file structure09.tsv (TSV, C-alpha atoms)
chain	number	residue	atom	x	y	z
A	29	MET	CA	-91.28	-5.90	-6.31
A	30	GLU	CA	-90.32	-8.85	-4.18
A	31	HIS	CA	-88.16	-9.07	-1.04
A	32	THR	CA	-86.98	-12.12	0.86
A	33	TYR	CA	-86.74	-11.94	4.66
A	34	SER	CA	-85.46	-14.17	7.43
A	35	ILE	CA	-88.10	-15.13	9.99
A	36	THR	CA	-87.29	-16.28	13.53
A	37	GLY	CA	-89.55	-17.86	16.13
A	38	MET	CA	-91.41	-20.31	13.85
A	39	THR	CA	-91.63	-23.83	15.26
A	40	CYS	CA	-94.47	-25.44	13.30
A	41	SER	CA	-96.66	-25.05	10.25
A	42	GLY	CA	-99.20	-23.21	12.40
A	43	CYS	CA	-96.54	-20.56	13.09
A	44	ALA	CA	-95.89	-20.24	9.35
A	45	VAL	CA	-99.58	-19.72	8.69
A	46	SER	CA	-99.78	-17.14	11.48
A	47	VAL	CA	-96.79	-15.19	10.11
A	48	GLU	CA	-98.28	-15.34	6.61
A	49	GLU	CA	-101.62	-14.05	7.86
A	50	GLN	CA	-100.10	-11.20	9.89
A	51	LEU	CA	-97.79	-9.99	7.11
A	52	SER	CA	-100.59	-10.18	4.53
A	53	LYS	CA	-102.50	-7.52	6.47
A	54	VAL	CA	-99.75	-4.92	6.01
A	55	SER	CA	-100.74	-2.12	3.63
A	56	GLY	CA	-98.93	-2.48	0.31
A	57	VAL	CA	-98.31	-6.22	0.65
A	58	GLN	CA	-99.78	-8.23	-2.22
A	59	LYS	CA	-98.63	-11.75	-1.48
A	60	VAL	CA	-96.73	-13.59	1.25
A	61	ASP	CA	-95.11	-17.02	0.89
A	62	VAL	CA	-93.61	-18.39	4.12
A	63	ASP	CA	-91.04	-21.19	3.99
A	64	LEU	CA	-90.95	-22.86	7.42
A	65	GLU	CA	-88.06	-25.22	6.64
A	66	ASN	CA	-85.74	-22.40	5.53
A	67	ALA	CA	-87.16	-19.85	8.00
A	68	LYS	CA	-87.83	-17.23	5.37
A	69	ALA	CA	-90.66	-15.27	3.80
A	70	SER	CA	-90.94	-13.96	0.24
A	71	ILE	CA	-93.11	-10.85	0.11
A	72	VAL	CA	-94.47	-9.30	-3.07
A	73	MET	CA	-95.25	-5.59	-2.61
A	74	GLU	CA	-96.94	-2.87	-4.61
A	75	GLN	CA	-94.16	-0.55	-3.46
A	76	HIS	CA	-91.39	-0.81	-0.89
A	77	VAL	CA	-92.71	-1.42	2.63
A	78	PRO	CA	-90.34	-0.37	5.45
A	79	LEU	CA	-88.99	-3.24	7.51
A	80	GLN	CA	-90.29	-1.61	10.69
A	81	HIS	CA	-93.87	-1.82	9.38
A	82	LEU	CA	-93.42	-5.55	8.91
A	83	LYS	CA	-91.95	-5.91	12.39
A	84	ASP	CA	-94.88	-4.00	13.90
A	85	ALA	CA	-97.34	-6.35	12.17
A	86	LEU	CA	-95.81	-9.48	13.72
A	87	SER	CA	-96.50	-10.66	17.24
A	88	GLN	CA	-93.58	-10.56	19.69
A	89	LYS	CA	-92.97	-14.27	19.20
A	90	TYR	CA	-91.57	-13.70	15.71
A	91	GLY	CA	-88.68	-11.68	14.32
A	92	ILE	CA	-88.05	-10.48	10.77
A	93	SER	CA	-84.92	-9.20	9.05
A	94	PHE	CA	-83.49	-8.88	5.57
A	95	LYS	CA	-81.76	-11.94	4.20
A	96	GLU	CA	-78.28	-11.34	2.84
A	97	ASP	CA	-79.36	-12.77	-0.49
A	98	HIS	CA	-82.65	-10.89	-0.63
A	99	THR	CA	-83.81	-10.12	-4.12
A	100	VAL	CA	-85.84	-7.31	-5.59
A	101	SER	CA	-87.61	-7.48	-8.89
A	102	ASN	CA	-90.04	-5.22	-10.67
A	103	SER	CA	-92.15	-8.10	-11.89
A	104	MET	CA	-93.74	-11.00	-10.11
A	105	PRO	CA	-91.92	-14.32	-10.50
A	106	ALA	CA	-93.42	-16.90	-12.80
A	107	GLU	CA	-95.91	-19.03	-10.95
A	108	LYS	CA	-96.99	-22.58	-11.52
A	109	SER	CA	-100.20	-23.05	-13.46
A	110	LYS	CA	-103.35	-23.80	-11.50
A	111	TRP	CA	-103.22	-27.38	-12.78
A	112	GLU	CA	-99.71	-27.86	-11.39
A	113	GLN	CA	-100.63	-26.25	-8.07
A	114	LEU	CA	-103.77	-28.33	-7.65
A	115	LYS	CA	-102.52	-31.60	-9.14
A	116	PRO	CA	-102.64	-33.40	-5.72
A	117	LEU	CA	-106.28	-32.37	-5.27
A	118	PHE	CA	-107.28	-33.56	-8.76
A	119	LEU	CA	-105.45	-36.86	-8.26
A	120	ILE	CA	-107.25	-37.51	-4.99
A	121	PHE	CA	-110.62	-36.77	-6.59
A	122	GLY	CA	-109.77	-39.12	-9.45
A	123	TYR	CA	-108.90	-41.92	-7.04
A	124	LEU	CA	-112.11	-41.34	-5.07
A	125	PHE	CA	-114.30	-41.51	-8.19
A	126	VAL	CA	-112.57	-44.68	-9.38
A	127	ALA	CA	-112.84	-46.30	-5.95
A	128	ALA	CA	-116.56	-45.49	-5.68
A	129	PHE	CA	-117.12	-46.94	-9.17
A	130	LEU	CA	-115.18	-50.15	-8.49
A	131	LEU	CA	-117.06	-50.74	-5.24
A	132	ASN	CA	-120.40	-50.69	-7.07
A	133	TYR	CA	-119.89	-51.61	-10.75
A	134	LYS	CA	-121.03	-55.24	-10.41
A	135	ASN	CA	-124.37	-54.34	-8.86
A	136	TRP	CA	-124.56	-50.72	-9.90
A	137	SER	CA	-126.35	-48.31	-7.60
A	138	THR	CA	-125.90	-44.58	-8.08
A	139	THR	CA	-127.03	-43.97	-4.52
A	140	ASN	CA	-124.48	-46.37	-3.05
A	141	ALA	CA	-121.74	-45.02	-5.31
A	142	MET	CA	-122.45	-41.47	-4.10
A	143	LEU	CA	-122.48	-42.58	-0.47
A	144	ASP	CA	-119.17	-44.39	-0.93
A	145	PHE	CA	-117.65	-41.36	-2.64
A	146	MET	CA	-118.77	-39.02	0.14
A	147	GLY	CA	-117.57	-41.41	2.82
A	148	LEU	CA	-114.16	-41.87	1.21
A	149	PHE	CA	-113.92	-38.11	0.61
A	150	TYR	CA	-114.32	-37.37	4.31
A	151	ILE	CA	-111.98	-40.17	5.43
A	152	VAL	CA	-109.16	-39.13	3.09
A	153	PHE	CA	-109.48	-35.40	3.70
A	154	SER	CA	-109.67	-35.85	7.48
A	155	PHE	CA	-106.48	-37.94	7.33
A	156	PHE	CA	-104.51	-35.06	5.81
A	157	LYS	CA	-105.90	-32.62	8.36
A	158	LEU	CA	-105.00	-34.92	11.25
A	159	LEU	CA	-101.38	-35.04	10.07
A	160	ASP	CA	-100.98	-31.54	11.50
A	161	LEU	CA	-103.78	-31.10	13.98
A	162	LYS	CA	-101.99	-28.15	15.55
A	163	GLY	CA	-101.40	-26.19	12.36
A	164	PHE	CA	-104.69	-26.92	10.56
A	165	PRO	CA	-106.98	-24.66	12.67
A	166	GLU	CA	-104.78	-21.62	11.90
A	167	SER	CA	-105.09	-22.23	8.16
A	168	PHE	CA	-108.79	-23.07	8.34
A	169	ARG	CA	-109.78	-19.94	10.24
A	170	MET	CA	-108.35	-17.73	7.51
A	171	TYR	CA	-111.43	-18.36	5.37
A	172	ASP	CA	-114.01	-20.37	7.34
A	173	PRO	CA	-116.36	-17.92	9.15
A	174	LEU	CA	-117.30	-20.32	11.95
A	175	ALA	CA	-113.68	-21.35	12.63
A	176	LYS	CA	-112.74	-17.67	12.81
A	177	ALA	CA	-115.55	-16.91	15.29
A	178	VAL	CA	-115.15	-20.12	17.32
A	179	PRO	CA	-111.50	-21.30	17.29
A	180	PHE	CA	-112.44	-24.63	18.94
A	181	TYR	CA	-114.45	-25.53	15.84
A	182	GLY	CA	-111.26	-25.64	13.78
A	183	LYS	CA	-109.74	-28.09	16.26
A	184	VAL	CA	-112.63	-30.55	16.10
A	185	TYR	CA	-113.39	-30.17	12.39
A	186	PRO	CA	-111.10	-33.03	11.26
A	187	PHE	CA	-112.87	-35.35	13.72
A	188	ILE	CA	-116.26	-34.22	12.41
A	189	GLU	CA	-115.13	-35.15	8.89
A	190	LEU	CA	-113.88	-38.51	10.12
A	191	ALA	CA	-117.20	-39.24	11.85
A	192	LEU	CA	-119.20	-38.24	8.76
A	193	GLY	CA	-117.04	-40.50	6.59
A	194	LEU	CA	-117.71	-43.46	8.85
A	195	LEU	CA	-121.45	-42.75	8.91
A	196	PHE	CA	-121.64	-42.73	5.10
A	197	LEU	CA	-119.54	-45.86	4.65
A	198	MET	CA	-121.42	-47.75	7.38
A	199	ARG	CA	-124.81	-46.54	6.05
A	200	PHE	CA	-125.69	-45.33	9.55
A	201	GLN	CA	-127.69	-42.15	10.28
A	202	ILE	CA	-127.31	-41.10	6.65
A	203	GLN	CA	-129.93	-38.35	6.82
A	204	LEU	CA	-128.18	-36.74	9.80
A	205	ALA	CA	-124.82	-36.98	8.03
A	206	LEU	CA	-126.28	-35.31	4.94
A	207	ILE	CA	-127.74	-32.44	6.96
A	208	VAL	CA	-124.45	-31.88	8.78
A	209	THR	CA	-122.65	-31.98	5.42
A	210	LEU	CA	-124.90	-29.23	4.06
A	211	LEU	CA	-124.32	-27.16	7.19
A	212	ILE	CA	-120.53	-27.36	7.55
A	213	LEU	CA	-119.67	-27.32	3.85
A	214	GLY	CA	-122.20	-24.55	3.27
A	215	ILE	CA	-120.41	-22.38	5.82
A	216	THR	CA	-117.00	-23.22	4.35
A	217	THR	CA	-118.19	-22.59	0.79
A	218	TYR	CA	-119.43	-19.15	1.82
A	219	GLY	CA	-115.98	-18.35	3.20
A	220	VAL	CA	-114.24	-19.74	0.11
A	221	THR	CA	-116.50	-17.71	-2.19
A	222	LYS	CA	-115.85	-14.52	-0.21
A	223	SER	CA	-112.09	-15.10	-0.34
A	224	LEU	CA	-112.21	-15.66	-4.09
A	225	LEU	CA	-114.31	-12.55	-4.69
A	226	ASP	CA	-111.94	-10.50	-2.50
A	227	LYS	CA	-109.04	-11.98	-4.51
A	228	LYS	CA	-107.19	-12.92	-1.35
A	229	SER	CA	-104.04	-15.00	-1.80
A	230	ILE	CA	-104.39	-17.53	1.02
A	231	ARG	CA	-103.72	-21.19	1.59
A	232	CYS	CA	-106.48	-23.76	1.26
A	233	ALA	CA	-106.68	-26.08	4.26
A	234	CYS	CA	-108.78	-28.74	2.51
A	235	LEU	CA	-105.79	-31.11	2.62
A	236	GLY	CA	-104.48	-29.78	5.90
A	237	THR	CA	-101.05	-28.15	5.94
A	238	ALA	CA	-99.15	-31.13	4.52
A	239	LEU	CA	-99.70	-29.79	1.00
A	240	ASN	CA	-99.43	-26.10	0.21
A	241	LEU	CA	-102.53	-25.63	-1.93
A	242	PRO	CA	-103.73	-22.17	-3.02
A	243	MET	CA	-107.31	-21.06	-2.62
A	244	THR	CA	-108.77	-21.23	-6.15
A	245	GLU	CA	-112.00	-21.95	-8.00
A	246	ALA	CA	-111.18	-25.66	-7.69
A	247	THR	CA	-111.66	-25.41	-3.93
A	248	PHE	CA	-115.15	-24.03	-4.53
A	249	ILE	CA	-115.91	-26.81	-7.03
A	250	GLU	CA	-114.70	-29.44	-4.54
A	251	ASN	CA	-117.21	-28.27	-1.92
A	252	ALA	CA	-119.94	-27.73	-4.52
A	253	ILE	CA	-119.74	-31.38	-5.65
A	254	MET	CA	-120.28	-32.59	-2.09
A	255	LEU	CA	-123.13	-30.13	-1.51
A	256	VAL	CA	-124.91	-31.17	-4.71
A	257	MET	CA	-124.56	-34.85	-3.80
A	258	ALA	CA	-125.93	-34.19	-0.32
A	259	LEU	CA	-128.92	-32.30	-1.72
A	260	ILE	CA	-129.69	-35.06	-4.25
A	261	MET	CA	-129.53	-37.70	-1.53
A	262	LEU	CA	-131.82	-35.73	0.79
A	263	PHE	CA	-134.39	-35.24	-1.98
A	264	GLN	CA	-134.30	-38.97	-2.75
A	265	MET	CA	-134.82	-39.81	0.89
A	266	GLY	CA	-137.64	-37.29	1.16
call {"tool": "encode", "arguments": {"input": "structure09.tsv", "output": "structure tokens"}}
result
Amino acid sequence: MEHTYSITGMTCSGCAVSVEEQLSKVSGVQKVDVDLENAKASIVMEQHVPLQHLKDALSQKYGISFKEDHTVSNSMPAEKSKWEQLKPLFLIFGYLFVAAFLLNYKNWSTTNAMLDFMGLFYIVFSFFKLLDLKGFPESFRMYDPLAKAVPFYGKVYPFIELALGLLFLMRFQIQLALIVTLLILGITTYGVTKSLLDKKSIRCACLGTALNLPMTEATFIENAIMLVMALIMLFQMG
């Protein structure tokens, strides 16, 4: 069954993520979708969860109440296919591959093409995270183990990506950038894998909070591509 509730107290995307995280922990709740613009939350439940239980789960900053037009259904609403949900991510990857190819096709070098791809990857993905620097850490800590243990890490992560992108594109301290890539993406990939195995329905923060992307196998593949490239580059340099 699904209920729609009014949520008060949300002022930014970070608030929406926080509400989503808190409500998701309530026993019996299967999925939470928070709409910041319309100040509402759609909650899919295994069975009816009393409103008071939802109120108790939220911090004092937020309020929750039934919407007048709340709906209840015995089946989950039709969802977009994974392709439709992740279309922005696939488009960005397509553009990055094409850009890396065009930068190197005249004097082809696989090494340079990989470095350009990795550099552009970090620059583009850091841009989306920097669009909502306040809300990103809340989303990121939901699945990244280090961001959950050290909140400050989530705040500086977009700048780490930006720095790595510049290092790859400028061909400066490449070995260091590769090692850092293996470290930070390795940690994130562990968190992504755990979330997928636990079948948690959470938001992927790979493109910040500007785009509402679900955590899926594509998120794992995205990190895996970068990790494989980094490993290949390190072996070549060794």
call {"tool": "residues_around", "arguments": {"input": "structure09.tsv", "residues": "A:Leu190", "least_positions_apart": "3", "cutoff": "10 Å", "atoms": "all atoms listed in the file", "output": "PyMOL selection string"}}
result
chain A and resi 147-155+158+185-187+193-195
call {"tool": "atom_distance", "arguments": {"input": "structure09.tsv", "atom1": "atom CA of A:Ser52", "atom2": "atom CA of A:Ala85"}}
result
9.1 Å
call {"tool": "residues_around", "arguments": {"input": "structure09.tsv", "residues": "stretch 131-139 of chain A", "least_positions_apart": "3", "cutoff": "10 Å", "atoms": "only C-alpha atoms", "output": "list in words"}}
result
Val126, Ala127, Ala128, Met142, Leu143, Asp144, Phe145, Met257, Ile260, Met261 and Gln264 of chain A
call {"tool": "atom_distance", "arguments": {"input": "structure09.tsv", "atom1": "atom CA of A:Phe248", "atom2": "atom CA of A:Gly214"}}
result
10.5 Å
call {"tool": "closest_residue", "arguments": {"input": "structure09.tsv", "among": "A:Lys89, A:Lys53, A:Lys83, A:Lys59", "to": "A:Met38", "atoms": "all atoms listed in the file"}}
result
A:Lys89
call {"tool": "atom_distance", "arguments": {"input": "structure09.tsv", "atom1": "atom CA of A:Ala67", "atom2": "atom CA of A:Asp160"}}
result
18.4 Å
call {"tool": "closest_residue", "arguments": {"input": "structure09.tsv", "among": "A:Met29, A:Ala44, A:Val178, A:Ile188", "to": "A:Gln58", "atoms": "all atoms listed in the file"}}
result
A:Met29
call {"tool": "closest_residue", "arguments": {"input": "structure09.tsv", "among": "A:Leu119, A:Leu225, A:Ala191, A:Val57", "to": "A:Glu74", "atoms": "all atoms listed in the file"}}
result
A:Val57
call {"tool": "residues_around", "arguments": {"input": "structure09.tsv", "residues": "A:Phe180", "least_positions_apart": "5", "cutoff": "12 Å", "atoms": "all atoms listed in the file", "output": "short mmCIF file (atom, residue, chain, number, x, y, z; two decimals) with C-alpha atoms, in the coordinates of the input"}}
result
data_model
loop_
_atom_site.label_atom_id
_atom_site.label_comp_id
_atom_site.auth_asym_id
_atom_site.auth_seq_id
_atom_site.Cartn_x
_atom_site.Cartn_y
_atom_site.Cartn_z
CA LEU A 161 -103.78 -31.10 13.98
CA LYS A 162 -101.99 -28.15 15.55
CA PHE A 164 -104.69 -26.92 10.56
CA PRO A 165 -106.98 -24.66 12.67
CA GLU A 166 -104.78 -21.62 11.90
CA PHE A 168 -108.79 -23.07 8.34
CA ARG A 169 -109.78 -19.94 10.24
CA LEU A 174 -117.30 -20.32 11.95
CA ALA A 175 -113.68 -21.35 12.63
CA TYR A 185 -113.39 -30.17 12.39
CA PRO A 186 -111.10 -33.03 11.26
CA PHE A 187 -112.87 -35.35 13.72
#
call {"tool": "closest_residue", "arguments": {"input": "structure09.tsv", "among": "A:Asn251, A:Gln201, A:Ser167, A:Asn66", "to": "A:Thr39", "atoms": "all atoms listed in the file"}}
result
A:Asn66
